[in-house]
file entry35.cif (mmCIF, C-alpha atoms)
data_input
loop_
_atom_site.label_atom_id
_atom_site.label_comp_id
_atom_site.auth_asym_id
_atom_site.auth_seq_id
_atom_site.Cartn_x
_atom_site.Cartn_y
_atom_site.Cartn_z
CA MET A 126 0.00 0.00 0.00
CA LYS A 127 1.43 3.36 -1.06
CA ASN A 128 0.31 6.70 0.24
CA THR A 129 0.68 10.35 -0.67
CA ILE A 130 0.26 11.75 2.81
CA LYS A 131 3.65 13.42 2.76
CA VAL A 132 2.87 15.12 -0.56
CA GLU A 133 -0.55 16.28 0.60
CA ARG A 134 0.96 17.48 3.84
CA ALA A 135 3.57 19.49 1.96
CA LYS A 136 0.84 21.11 -0.15
CA LYS A 137 -0.84 22.33 3.02
CA ASN A 138 2.51 23.19 4.59
CA TRP A 139 1.66 21.06 7.61
CA THR A 140 4.07 19.27 9.89
CA GLN A 141 3.35 15.73 11.05
CA ALA A 142 2.35 17.19 14.40
CA ASP A 143 -0.19 19.53 12.73
CA LEU A 144 -1.81 16.72 10.78
CA ALA A 145 -1.74 14.33 13.72
CA LYS A 146 -3.54 16.92 15.84
CA ASN A 147 -6.14 17.49 13.13
CA ILE A 148 -7.02 13.82 12.79
CA GLY A 149 -6.69 13.01 16.50
CA ILE A 150 -3.75 10.60 16.62
CA SER A 151 -0.21 10.78 17.96
CA ARG A 152 2.64 12.15 15.83
CA GLN A 153 4.46 8.83 16.15
CA GLY A 154 1.32 7.03 15.00
CA LEU A 155 1.05 9.28 11.97
CA ASN A 156 4.71 8.64 11.18
CA SER A 157 4.01 4.87 11.16
CA ILE A 158 1.16 5.43 8.70
CA GLU A 159 3.12 7.83 6.51
CA THR A 160 6.08 5.44 6.24
CA GLY A 161 3.73 2.55 5.38
CA LYS A 162 4.42 0.54 8.54
CA PHE A 163 0.80 0.72 9.62
CA ILE A 164 -2.33 0.60 7.47
CA PRO A 165 -4.98 2.89 8.96
CA SER A 166 -8.63 1.98 9.44
CA THR A 167 -11.27 3.19 6.97
CA MET A 168 -12.44 5.72 9.54
CA LEU A 169 -9.00 7.26 9.97
CA ALA A 170 -8.35 7.23 6.21
CA LEU A 171 -11.64 9.07 5.64
CA ARG A 172 -10.81 11.58 8.37
CA MET A 173 -7.44 12.17 6.74
CA ALA A 174 -9.03 12.63 3.32
CA LYS A 175 -11.48 15.10 4.82
CA VAL A 176 -8.82 17.36 6.36
CA PHE A 177 -6.89 17.30 3.06
CA GLU A 178 -10.14 18.00 1.16
CA THR A 179 -9.48 15.07 -1.12
CA THR A 180 -10.49 11.41 -1.47
CA VAL A 181 -9.11 8.27 0.15
CA GLU A 182 -8.12 6.98 -3.31
CA VAL A 183 -5.82 9.96 -3.76
CA LEU A 184 -4.20 9.37 -0.38
CA PHE A 185 -3.87 5.58 -0.55
CA GLN A 186 -3.16 3.35 -3.53
CA LEU A 187 -2.67 -0.40 -3.77
CA ASP A 188 0.75 -1.53 -4.96
CA GLU A 189 0.89 -2.49 -8.65
CA GLU A 190 1.85 -6.15 -8.18
CA MET B 278 -9.88 14.38 23.91
CA ASN B 279 -6.16 14.53 24.78
CA ASN B 280 -7.07 15.34 28.37
CA VAL B 281 -9.30 12.26 28.51
CA LYS B 282 -6.46 10.11 27.11
CA GLN B 283 -3.99 11.52 29.64
CA TYR B 284 -6.47 11.04 32.48
CA LEU B 285 -7.16 7.42 31.52
CA GLY B 286 -3.44 6.74 31.05
CA LYS B 287 -2.62 8.16 34.48
CA ARG B 288 -5.48 6.26 36.10
CA SER B 289 -4.23 3.04 34.54
CA THR B 290 -0.66 3.69 35.74
CA ILE B 291 -1.82 4.54 39.26
CA SER B 292 -4.02 1.44 39.46
CA ALA B 293 -1.03 -0.66 38.28
CA LEU B 294 1.08 0.82 41.07
CA VAL B 295 -1.70 0.20 43.60
CA TRP B 296 -1.94 -3.41 42.46
CA GLY B 297 1.86 -3.84 42.64
CA ALA B 298 1.99 -2.32 46.12
CA THR B 299 -0.94 -4.46 47.33
CA TYR B 300 0.58 -7.61 45.86
CA ILE B 301 4.01 -7.08 47.42
CA THR B 302 2.53 -6.07 50.80
CA VAL B 303 0.18 -9.06 50.90
CA ALA B 304 2.99 -11.44 49.85
CA TYR B 305 5.19 -10.04 52.62
CA VAL B 306 2.42 -10.25 55.24
CA LEU B 307 1.47 -13.80 54.27
CA LYS B 308 5.08 -14.92 54.43
CA HIS B 309 6.07 -13.28 57.71
CA ALA B 310 2.93 -12.70 59.79
CA GLY B 311 2.06 -16.35 60.43
CA LEU B 312 -1.69 -15.85 59.97
CA SER B 313 -4.37 -18.51 60.30
CA LYS B 314 -5.63 -20.12 57.07
CA PRO B 315 -9.02 -18.30 56.84
CA ILE B 316 -7.41 -14.89 57.45
CA GLY B 317 -4.61 -15.74 55.03
CA ILE B 318 -7.11 -16.65 52.30
CA THR B 319 -9.08 -13.45 52.94
CA ILE B 320 -5.94 -11.31 52.69
CA ALA B 321 -4.78 -13.20 49.56
CA ILE B 322 -7.94 -12.00 47.78
CA LEU B 323 -6.99 -8.31 48.18
CA PRO B 324 -4.55 -8.21 45.21
CA VAL B 325 -7.22 -9.88 43.08
CA ILE B 326 -9.53 -6.91 43.64
CA THR B 327 -6.83 -4.34 42.82
CA PHE B 328 -5.72 -6.42 39.81
CA VAL B 329 -9.26 -6.54 38.41
CA PHE B 330 -9.49 -2.77 38.81
CA PHE B 331 -6.12 -2.36 37.10
CA ILE B 332 -7.22 -4.51 34.13
CA TYR B 333 -10.44 -2.51 33.90
CA THR B 334 -8.56 0.84 33.78
CA TYR B 335 -5.96 -0.65 31.40
CA ILE B 336 -8.65 -1.72 28.92
CA LYS B 337 -10.34 1.70 29.28
CA SER B 338 -7.05 3.47 28.56
CA ILE B 339 -6.43 1.26 25.50
CA SER B 340 -9.84 2.16 24.11
CA ALA B 341 -8.88 5.85 24.29
CA MET B 342 -5.57 5.31 22.43
CA ASP B 343 -5.13 5.93 18.71
CA GLU B 344 -5.19 2.84 16.51
CA VAL B 345 -1.42 2.52 16.14
CA ARG B 346 -0.98 2.44 19.91
CA GLN B 347 -3.90 0.04 20.23
CA ARG B 348 -2.15 -2.30 17.78
CA ILE B 349 1.09 -2.05 19.78
CA GLN B 350 -0.74 -2.94 23.01
CA LEU B 351 -2.56 -5.81 21.32
CA GLU B 352 0.64 -7.28 19.88
CA ALA B 353 2.43 -6.80 23.21
CA ALA B 354 -0.37 -8.68 24.99
CA VAL B 355 -0.34 -11.46 22.37
CA ILE B 356 3.44 -11.88 22.53
CA GLY B 357 3.43 -11.68 26.33
CA PHE B 358 0.60 -14.22 26.63
CA SER B 359 2.19 -16.61 24.13
CA LEU B 360 5.59 -16.53 25.83
CA SER B 361 3.96 -17.00 29.25
CA LEU B 362 2.00 -19.99 27.96
CA LEU B 363 5.13 -21.41 26.37
CA LEU B 364 7.03 -21.09 29.66
CA LEU B 365 4.21 -22.83 31.56
CA ILE B 366 4.12 -25.65 29.00
CA ILE B 367 7.89 -26.14 29.22
CA LEU B 368 7.86 -26.04 33.03
CA PHE B 369 5.01 -28.55 33.17
CA LEU B 370 6.77 -30.93 30.77
CA LEU B 371 10.06 -30.58 32.65
CA SER B 372 8.29 -31.26 35.94
CA MET B 373 7.06 -34.55 34.43
CA CYS B 374 10.66 -35.70 34.21
CA ASP B 375 11.46 -34.32 37.68
CA VAL B 376 13.37 -31.29 36.45
CA SER B 377 12.06 -28.37 38.50
CA ASP B 378 13.88 -25.42 39.97
CA PHE B 379 11.51 -23.54 42.26
CA ASP B 380 14.23 -21.02 43.18
CA TRP B 381 14.10 -19.67 39.62
CA PHE B 382 10.70 -20.83 38.43
CA GLY B 383 8.42 -20.70 41.47
CA TYR B 384 5.08 -18.82 41.48
CA PRO B 385 6.62 -15.45 42.53
CA GLN B 386 9.16 -15.65 39.71
CA LEU B 387 6.49 -16.63 37.17
CA VAL B 388 4.61 -13.39 37.86
CA CYS B 389 7.79 -11.45 37.08
CA TYR B 390 8.44 -13.49 33.93
CA CYS B 391 4.89 -12.83 32.67
CA MET B 392 5.36 -9.09 33.14
CA LEU B 393 8.78 -9.28 31.51
CA PHE B 394 7.27 -11.10 28.52
CA TYR B 395 4.66 -8.33 28.12
CA TYR B 396 7.42 -5.71 28.08
CA ILE B 397 9.41 -7.77 25.55
CA GLY B 398 6.29 -7.84 23.34
CA TYR B 399 5.76 -4.12 23.85
CA PHE B 400 9.37 -3.39 22.89
CA ILE B 401 9.19 -5.58 19.77
CA SER B 402 5.88 -4.09 18.63
CA LYS B 403 6.95 -0.51 19.35
CA ARG B 404 10.08 -1.03 17.28
CA LYS B 405 8.03 -2.58 14.49
CA TYR B 406 5.77 0.46 14.17
CA ALA B 407 8.48 2.89 15.31
CA ALA B 408 5.84 4.67 17.38
#
call {"tool": "encode", "arguments": {"input": "entry35.cif", "output": "structure tokens"}}
result
Amino acid sequence: MKNTIKVERAKKNWTQADLAKNIGISRQGLNSIETGKFIPSTMLALRMAKVFETTVEVLFQLDEE
Amino acid sequence: MNNVKQYLGKRSTISALVWGATYITVAYVLKHAGLSKPIGITIAILPVITFVFFIYTYIKSISAMDEVRQRIQLEAAVIGFSLSLLLLIILFLLSMCDVSDFDWFGYPQLVCYCMLFYYIGYFISKRKYAA
């Protein structure tokens, strides 16, 4: 699973701490998601998409293989 | 929300300390006070009450954590439980062939090993998610 959280975050000029606060998780937790170590729940993915004003499909993509 | 998380986390830590203190005190009293059997049994139940309260606050605090931390706690509990079970299985099988060392693997030590196994699981899982 790939994600574009870092890119979307850069567009908004947000730090990990800013985004983590907005979606209600810890900064370390967000880092695990951003680096692909943890796959978030649908609820959290939707919350993330909402704060970025985009869709979940833009934020998360399945790997090609 | 953060205040609630902090409050539940603190409550869980305090209840763990209360349980630990109760357990150690009761163990000391039972060993040294020379109480009668009924009184001893009554006193031995005290840590059970504080332990149940600790587990209740621990579960409450987990439910207030974000999902990455919940996963870490879950994996820590699974690893800790599995290692504890494994140790009990090995000790039981060894006792069948009269290999038992109660100085190192008595009931008091087993409690410590179980807690150690939880922390090993916690460390492994925390490293895995780097959280």
call {"tool": "resolve_selection", "arguments": {"input": "entry35.cif", "expression": "the PyMOL selection byres ((chain A) within 8 of (chain B))", "output": "list in words"}}
result
Gly149, Ile150, Ser151, Gln153, Gly154, Asn156, Ser157, Lys162, Phe163, Pro165 and Ser166 of chain A
call {"tool": "resolve_selection", "arguments": {"input": "entry35.cif", "expression": "the PyMOL selection byres ((chain B and resi 364-372) around 12)", "output": "list in words"}}
result
Gly357, Phe358, Ser359, Leu360, Ser361, Leu362, Leu363, Met373, Cys374, Asp375, Val376, Ser377, Asp378, Phe379, Trp381, Phe382, Gly383, Tyr384, Gln386, Leu387, Val388, Tyr390, Cys391 and Phe394 of chain B
call {"tool": "resolve_selection", "arguments": {"input": "entry35.cif", "expression": "the PyMOL selection byres ((chain B and resi 398) around 7)", "output": "list in words"}}
result
Glu352, Ala353, Ala354, Ile356, Gly357, Phe394, Tyr395, Tyr396, Ile397, Tyr399, Phe400, Ile401 and Ser402 of chain B
call {"tool": "atom_distance", "arguments": {"input": "entry35.cif", "atom1": "atom CA of B:Val281", "atom2": "atom CA of A:Gln141"}}
result
21.8 Å
call {"tool": "residues_around", "arguments": {"input": "entry35.cif", "residues": "B:Ile336", "least_positions_apart": "6", "cutoff": "12 Å", "atoms": "all atoms listed in the file", "output": "PDB file with C-alpha atoms, in the frame of the given file"}}
result
ATOM      1  CA  LEU B 285      -7.160   7.420  31.520  1.00  0.00           C
ATOM      2  CA  GLY B 286      -3.440   6.740  31.050  1.00  0.00           C
ATOM      3  CA  ARG B 288      -5.480   6.260  36.100  1.00  0.00           C
ATOM      4  CA  SER B 289      -4.230   3.040  34.540  1.00  0.00           C
ATOM      5  CA  THR B 290      -0.660   3.690  35.740  1.00  0.00           C
ATOM      6  CA  SER B 292      -4.020   1.440  39.460  1.00  0.00           C
ATOM      7  CA  VAL B 329      -9.260  -6.540  38.410  1.00  0.00           C
ATOM      8  CA  PHE B 330      -9.490  -2.770  38.810  1.00  0.00           C
ATOM      9  CA  MET B 342      -5.570   5.310  22.430  1.00  0.00           C
ATOM     10  CA  GLN B 347      -3.900   0.040  20.230  1.00  0.00           C
ATOM     11  CA  GLN B 350      -0.740  -2.940  23.010  1.00  0.00           C
ATOM     12  CA  LEU B 351      -2.560  -5.810  21.320  1.00  0.00           C
ATOM     13  CA  ALA B 354      -0.370  -8.680  24.990  1.00  0.00           C
TER      14      ALA B 354
END
call {"tool": "atom_distance", "arguments": {"input": "entry35.cif", "atom1": "atom CA of A:Thr179", "atom2": "atom CA of A:Ala145"}}
result
16.8 Å
call {"tool": "closest_residue", "arguments": {"input": "entry35.cif", "among": "A:Glu178, A:Gly161, A:Gln186, A:Met168", "to": "A:Arg134", "atoms": "all atoms listed in the file"}}
result
A:Glu178
call {"tool": "residues_around", "arguments": {"input": "entry35.cif", "residues": "B:Thr327", "least_positions_apart": "5", "cutoff": "12 Å", "atoms": "all atoms listed in the file", "output": "number ranges by chain"}}
result
B: 289, 291-300, 303, 321-322, 332-334
call {"tool": "closest_residue", "arguments": {"input": "entry35.cif", "among": "A:Ala142, A:Ile148, A:Leu187, A:Ile158", "to": "A:Ala174", "atoms": "all atoms listed in the file"}}
result
A:Ile148
call {"tool": "atom_distance", "arguments": {"input": "entry35.cif", "atom1": "atom CA of A:Thr129", "atom2": "atom CA of A:Phe185"}}
result
6.6 Å
call {"tool": "build_atoms", "arguments": {"input": "entry35.cif", "residues": "stretch 151-176 of chain A", "atoms": "N, CA and C atoms", "output": "mmCIF file, in the frame of the given file"}}
result
data_model
loop_
_atom_site.group_PDB
_atom_site.id
_atom_site.type_symbol
_atom_site.label_atom_id
_atom_site.label_comp_id
_atom_site.auth_asym_id
_atom_site.auth_seq_id
_atom_site.Cartn_x
_atom_site.Cartn_y
_atom_site.Cartn_z
ATOM 1 N N SER A 151 -1.520 10.300 17.526
ATOM 2 C CA SER A 151 -0.210 10.780 17.960
ATOM 3 C C SER A 151 0.701 11.018 16.751
ATOM 4 N N ARG A 152 1.715 11.859 16.925
ATOM 5 C CA ARG A 152 2.640 12.150 15.830
ATOM 6 C C ARG A 152 3.392 10.882 15.422
ATOM 7 N N GLN A 153 3.750 10.088 16.440
ATOM 8 C CA GLN A 153 4.460 8.830 16.150
ATOM 9 C C GLN A 153 3.571 7.873 15.362
ATOM 10 N N GLY A 154 2.284 7.882 15.708
ATOM 11 C CA GLY A 154 1.320 7.030 15.000
ATOM 12 C C GLY A 154 1.213 7.454 13.548
ATOM 13 N N LEU A 155 1.141 8.770 13.341
ATOM 14 C CA LEU A 155 1.050 9.280 11.970
ATOM 15 C C LEU A 155 2.298 8.911 11.176
ATOM 16 N N ASN A 156 3.452 8.997 11.844
ATOM 17 C CA ASN A 156 4.710 8.640 11.180
ATOM 18 C C ASN A 156 4.676 7.175 10.708
ATOM 19 N N SER A 157 4.113 6.289 11.546
ATOM 20 C CA SER A 157 4.010 4.870 11.160
ATOM 21 C C SER A 157 3.138 4.707 9.922
ATOM 22 N N ILE A 158 2.071 5.511 9.856
ATOM 23 C CA ILE A 158 1.160 5.430 8.700
ATOM 24 C C ILE A 158 1.855 5.994 7.457
ATOM 25 N N GLU A 159 2.483 7.145 7.638
ATOM 26 C CA GLU A 159 3.120 7.830 6.510
ATOM 27 C C GLU A 159 4.239 6.983 5.896
ATOM 28 N N THR A 160 4.971 6.261 6.749
ATOM 29 C CA THR A 160 6.080 5.440 6.240
ATOM 30 C C THR A 160 5.600 4.044 5.794
ATOM 31 N N GLY A 161 4.292 3.805 5.874
ATOM 32 C CA GLY A 161 3.730 2.550 5.380
ATOM 33 C C GLY A 161 3.862 1.373 6.332
ATOM 34 N N LYS A 162 4.272 1.647 7.583
ATOM 35 C CA LYS A 162 4.420 0.540 8.540
ATOM 36 C C LYS A 162 3.074 0.129 9.114
ATOM 37 N N PHE A 163 2.119 1.018 9.066
ATOM 38 C CA PHE A 163 0.800 0.720 9.620
ATOM 39 C C PHE A 163 -0.280 1.159 8.635
ATOM 40 N N ILE A 164 -1.224 0.277 8.365
ATOM 41 C CA ILE A 164 -2.330 0.600 7.470
ATOM 42 C C ILE A 164 -3.485 1.122 8.334
ATOM 43 N N PRO A 165 -3.921 2.350 8.105
ATOM 44 C CA PRO A 165 -4.980 2.890 8.960
ATOM 45 C C PRO A 165 -6.349 2.277 8.682
ATOM 46 N N SER A 166 -7.262 2.457 9.633
ATOM 47 C CA SER A 166 -8.630 1.980 9.440
ATOM 48 C C SER A 166 -9.339 2.870 8.419
ATOM 49 N N THR A 167 -10.485 2.410 7.939
ATOM 50 C CA THR A 167 -11.270 3.190 6.970
ATOM 51 C C THR A 167 -11.650 4.543 7.575
ATOM 52 N N MET A 168 -12.033 4.503 8.847
ATOM 53 C CA MET A 168 -12.440 5.720 9.540
ATOM 54 C C MET A 168 -11.330 6.767 9.554
ATOM 55 N N LEU A 169 -10.129 6.323 9.893
ATOM 56 C CA LEU A 169 -9.000 7.260 9.970
ATOM 57 C C LEU A 169 -8.616 7.749 8.567
ATOM 58 N N ALA A 170 -8.667 6.851 7.592
ATOM 59 C CA ALA A 170 -8.350 7.230 6.210
ATOM 60 C C ALA A 170 -9.343 8.286 5.720
ATOM 61 N N LEU A 171 -10.610 8.097 6.048
ATOM 62 C CA LEU A 171 -11.640 9.070 5.640
ATOM 63 C C LEU A 171 -11.438 10.412 6.335
ATOM 64 N N ARG A 172 -11.062 10.344 7.612
ATOM 65 C CA ARG A 172 -10.810 11.580 8.370
ATOM 66 C C ARG A 172 -9.634 12.340 7.763
ATOM 67 N N MET A 173 -8.630 11.574 7.350
ATOM 68 C CA MET A 173 -7.440 12.170 6.740
ATOM 69 C C MET A 173 -7.810 12.827 5.408
ATOM 70 N N ALA A 174 -8.597 12.106 4.620
ATOM 71 C CA ALA A 174 -9.030 12.630 3.320
ATOM 72 C C ALA A 174 -9.841 13.921 3.511
ATOM 73 N N LYS A 175 -10.640 13.937 4.557
ATOM 74 C CA LYS A 175 -11.480 15.100 4.820
ATOM 75 C C LYS A 175 -10.646 16.342 5.148
ATOM 76 N N VAL A 176 -9.640 16.188 5.999
ATOM 77 C CA VAL A 176 -8.820 17.360 6.360
ATOM 78 C C VAL A 176 -7.975 17.832 5.177
#
